[in-house]
Amino acid sequence: MTLEAVQDAALGHASVQAQALRDAASARADQVVAAAGEEAAELLAARRARAERLADLEEHERLAEARAQAGATVLSAQRMVLSEATAAVRAAARRLTVDRRYARLLERLEADARRRLEDGEPVQIVPVAEGGFVARAGSRELDYSLDALLERCLEAMTGELERLWG
């Protein structure tokens, strides 16, 4: 074998090895690129999912805040209605004291108080300056003052309004 033939054989062998190294490096590079692409896709999906969860949380918070504000607005309106109704009832009760039917109402209330307090003790009827009276028999007392009657009516009305608003 000649030196030239040995050089050609060595060069051919080196060329085959170089090609094998290039092919292996290319395959390895393809694997690294594919793995990097998969990792990037996973990271992107995880970040997207996290962003969606944050967006959902923010939306829930905004909805909760909007509901709370709406509830406060409704409650404020209900309180205003109740306040206006209370003022109207109080004004009507004050006008009642000058109505010609007021005396008949007091007679009926007094009869009711005497019936409820009767047990042998004398019933004392004490007029109240703002209207109505307080009935006493011994240690028992019934408040038929306009203010007490109004409070009972308003309490019942408030309960009824709350039931209707519920």
# chains A, B, ... in the order shown; residues from 1 in each chain; ligands from 1

call {"tool": "residues_around", "arguments": {"residues": "Ile125 of chain A", "least_positions_apart": "6", "cutoff": "7 Å", "atoms": "only C-alpha atoms", "output": "count of residues only"}}
result
4

call {"tool": "select_by_dssp", "arguments": {"residues": "chain A", "states": "strand (DSSP E or B)", "output": "list in words"}}
result
Gln124, Ile125, Val126, Pro127, Phe133, Val134, Ala135, Arg136, Ala137, Arg140, Glu141, Leu142 and Asp143 of chain A

call {"tool": "write_last_selection", "arguments": {"atoms": "N, CA and C atoms", "output": "compact mmCIF listing (two decimals), in the first residue's frame"}}
result
# COMPACT_ATOMS: atom_id res chain seq x y z
N GLN A 124 -106.49 51.85 87.10
CA GLN A 124 -106.30 53.30 87.06
C GLN A 124 -105.88 53.67 85.63
N ILE A 125 -106.54 54.65 85.03
CA ILE A 125 -106.22 55.13 83.69
C ILE A 125 -105.53 56.47 83.83
N VAL A 126 -104.28 56.56 83.35
CA VAL A 126 -103.49 57.78 83.47
C VAL A 126 -103.24 58.32 82.06
N PRO A 127 -103.83 59.49 81.72
CA PRO A 127 -103.61 60.05 80.38
C PRO A 127 -102.14 60.43 80.17
N PHE A 133 -102.96 56.69 76.85
CA PHE A 133 -102.94 56.58 78.31
C PHE A 133 -102.12 55.35 78.71
N VAL A 134 -101.88 55.25 80.04
CA VAL A 134 -101.27 54.08 80.64
C VAL A 134 -102.29 53.55 81.64
N ALA A 135 -102.58 52.26 81.57
CA ALA A 135 -103.53 51.62 82.48
C ALA A 135 -102.73 50.83 83.51
N ARG A 136 -103.08 51.03 84.83
CA ARG A 136 -102.37 50.34 85.89
C ARG A 136 -103.37 49.64 86.80
N ALA A 137 -103.00 48.44 87.22
CA ALA A 137 -103.76 47.70 88.22
C ALA A 137 -102.75 47.00 89.10
N ARG A 140 -99.19 45.70 87.77
CA ARG A 140 -99.25 45.48 86.32
C ARG A 140 -99.59 46.78 85.62
N GLU A 141 -99.05 46.90 84.38
CA GLU A 141 -99.25 48.14 83.62
C GLU A 141 -99.36 47.81 82.14
N LEU A 142 -100.26 48.49 81.47
CA LEU A 142 -100.40 48.39 80.02
C LEU A 142 -100.22 49.78 79.44
N ASP A 143 -99.34 49.89 78.48
CA ASP A 143 -99.05 51.19 77.87
C ASP A 143 -99.85 51.34 76.59

call {"tool": "residues_around", "arguments": {"residues": "segment 76-83 of chain A", "least_positions_apart": "6", "cutoff": "12 Å", "atoms": "only C-alpha atoms", "output": "JSON list (two decimals) with C-alpha atoms, in the first residue's frame"}}
result
[["chain", "number", "residue", "atom", "x", "y", "z"],
["A", 69, "GLN", "CA", -72.50, 47.49, 46.83],
["A", 70, "ALA", "CA", -75.88, 46.48, 45.41],
["A", 89, "VAL", "CA", -97.24, 57.13, 60.69],
["A", 90, "ARG", "CA", -96.10, 59.48, 63.47],
["A", 154, "LEU", "CA", -94.03, 50.11, 63.36],
["A", 155, "GLU", "CA", -92.42, 46.95, 64.70],
["A", 156, "ALA", "CA", -95.11, 44.86, 63.03],
["A", 157, "MET", "CA", -94.82, 46.91, 59.84],
["A", 158, "THR", "CA", -91.03, 46.53, 59.84],
["A", 159, "GLY", "CA", -91.35, 42.76, 60.17],
["A", 160, "GLU", "CA", -93.89, 42.67, 57.33],
["A", 161, "LEU", "CA", -91.69, 44.84, 55.11],
["A", 162, "GLU", "CA", -88.66, 42.66, 55.81],
["A", 164, "LEU", "CA", -91.84, 41.24, 51.66],
["A", 165, "TRP", "CA", -88.32, 42.45, 50.86],
["A", 166, "GLY", "CA", -86.77, 39.07, 51.80]]

call {"tool": "select_by_dssp", "arguments": {"residues": "segment 25-156 of chain A", "states": "helix (DSSP H, G or I)", "output": "ChimeraX atom specification"}}
result
/A:25-96,102-117,146-156

call {"tool": "residues_around", "arguments": {"residues": "Gly132 of chain A", "least_positions_apart": "4", "cutoff": "9 Å", "atoms": "only C-alpha atoms", "output": "ChimeraX atom specification"}}
result
/A:97,106,109,126-128,143-149

call {"tool": "atom_distance", "arguments": {"atom1": "atom CA of Arg28 of chain A", "atom2": "atom CA of Ala46 of chain A"}}
result
26.7 Å

call {"tool": "atom_distance", "arguments": {"atom1": "atom CA of Leu105 of chain A", "atom2": "atom CA of Glu130 of chain A"}}
result
15.1 Å

call {"tool": "atom_distance", "arguments": {"atom1": "atom CA of Glu42 of chain A", "atom2": "atom CA of Ala27 of chain A"}}
result
22.4 Å

call {"tool": "decode", "arguments": {"residues": "segment 100-112 of chain A", "atoms": "N, CA and C atoms", "output": "PDB file, in the first residue's frame"}}
result
ATOM      1  N   ARG A 100    -112.380  63.685  65.461  1.00  0.00           N
ATOM      2  CA  ARG A 100    -113.588  63.501  66.279  1.00  0.00           C
ATOM      3  C   ARG A 100    -113.747  62.047  66.724  1.00  0.00           C
ATOM      4  N   ARG A 101    -113.115  61.097  66.031  1.00  0.00           N
ATOM      5  CA  ARG A 101    -113.224  59.682  66.386  1.00  0.00           C
ATOM      6  C   ARG A 101    -112.216  59.261  67.460  1.00  0.00           C
ATOM      7  N   TYR A 102    -111.326  60.170  67.840  1.00  0.00           N
ATOM      8  CA  TYR A 102    -110.285  59.860  68.813  1.00  0.00           C
ATOM      9  C   TYR A 102    -110.870  59.460  70.167  1.00  0.00           C
ATOM     10  N   ALA A 103    -111.882  60.178  70.616  1.00  0.00           N
ATOM     11  CA  ALA A 103    -112.498  59.872  71.912  1.00  0.00           C
ATOM     12  C   ALA A 103    -113.062  58.449  71.904  1.00  0.00           C
ATOM     13  N   ARG A 104    -113.708  58.049  70.795  1.00  0.00           N
ATOM     14  CA  ARG A 104    -114.274  56.701  70.699  1.00  0.00           C
ATOM     15  C   ARG A 104    -113.152  55.646  70.718  1.00  0.00           C
ATOM     16  N   LEU A 105    -112.027  55.933  70.072  1.00  0.00           N
ATOM     17  CA  LEU A 105    -110.881  55.028  70.086  1.00  0.00           C
ATOM     18  C   LEU A 105    -110.363  54.853  71.507  1.00  0.00           C
ATOM     19  N   LEU A 106    -110.236  55.966  72.241  1.00  0.00           N
ATOM     20  CA  LEU A 106    -109.755  55.880  73.622  1.00  0.00           C
ATOM     21  C   LEU A 106    -110.706  55.056  74.483  1.00  0.00           C
ATOM     22  N   GLU A 107    -112.023  55.213  74.271  1.00  0.00           N
ATOM     23  CA  GLU A 107    -113.010  54.428  75.028  1.00  0.00           C
ATOM     24  C   GLU A 107    -112.812  52.930  74.765  1.00  0.00           C
ATOM     25  N   ARG A 108    -112.618  52.557  73.508  1.00  0.00           N
ATOM     26  CA  ARG A 108    -112.429  51.146  73.174  1.00  0.00           C
ATOM     27  C   ARG A 108    -111.119  50.611  73.755  1.00  0.00           C
ATOM     28  N   LEU A 109    -110.062  51.419  73.679  1.00  0.00           N
ATOM     29  CA  LEU A 109    -108.784  51.007  74.253  1.00  0.00           C
ATOM     30  C   LEU A 109    -108.876  50.869  75.774  1.00  0.00           C
ATOM     31  N   GLU A 110    -109.594  51.808  76.414  1.00  0.00           N
ATOM     32  CA  GLU A 110    -109.761  51.744  77.868  1.00  0.00           C
ATOM     33  C   GLU A 110    -110.539  50.483  78.260  1.00  0.00           C
ATOM     34  N   ALA A 111    -111.580  50.160  77.502  1.00  0.00           N
ATOM     35  CA  ALA A 111    -112.364  48.946  77.781  1.00  0.00           C
ATOM     36  C   ALA A 111    -111.463  47.714  77.631  1.00  0.00           C
ATOM     37  N   ASP A 112    -110.613  47.706  76.625  1.00  0.00           N
ATOM     38  CA  ASP A 112    -109.683  46.585  76.421  1.00  0.00           C
ATOM     39  C   ASP A 112    -108.709  46.489  77.594  1.00  0.00           C
TER      40      ASP A 112
END
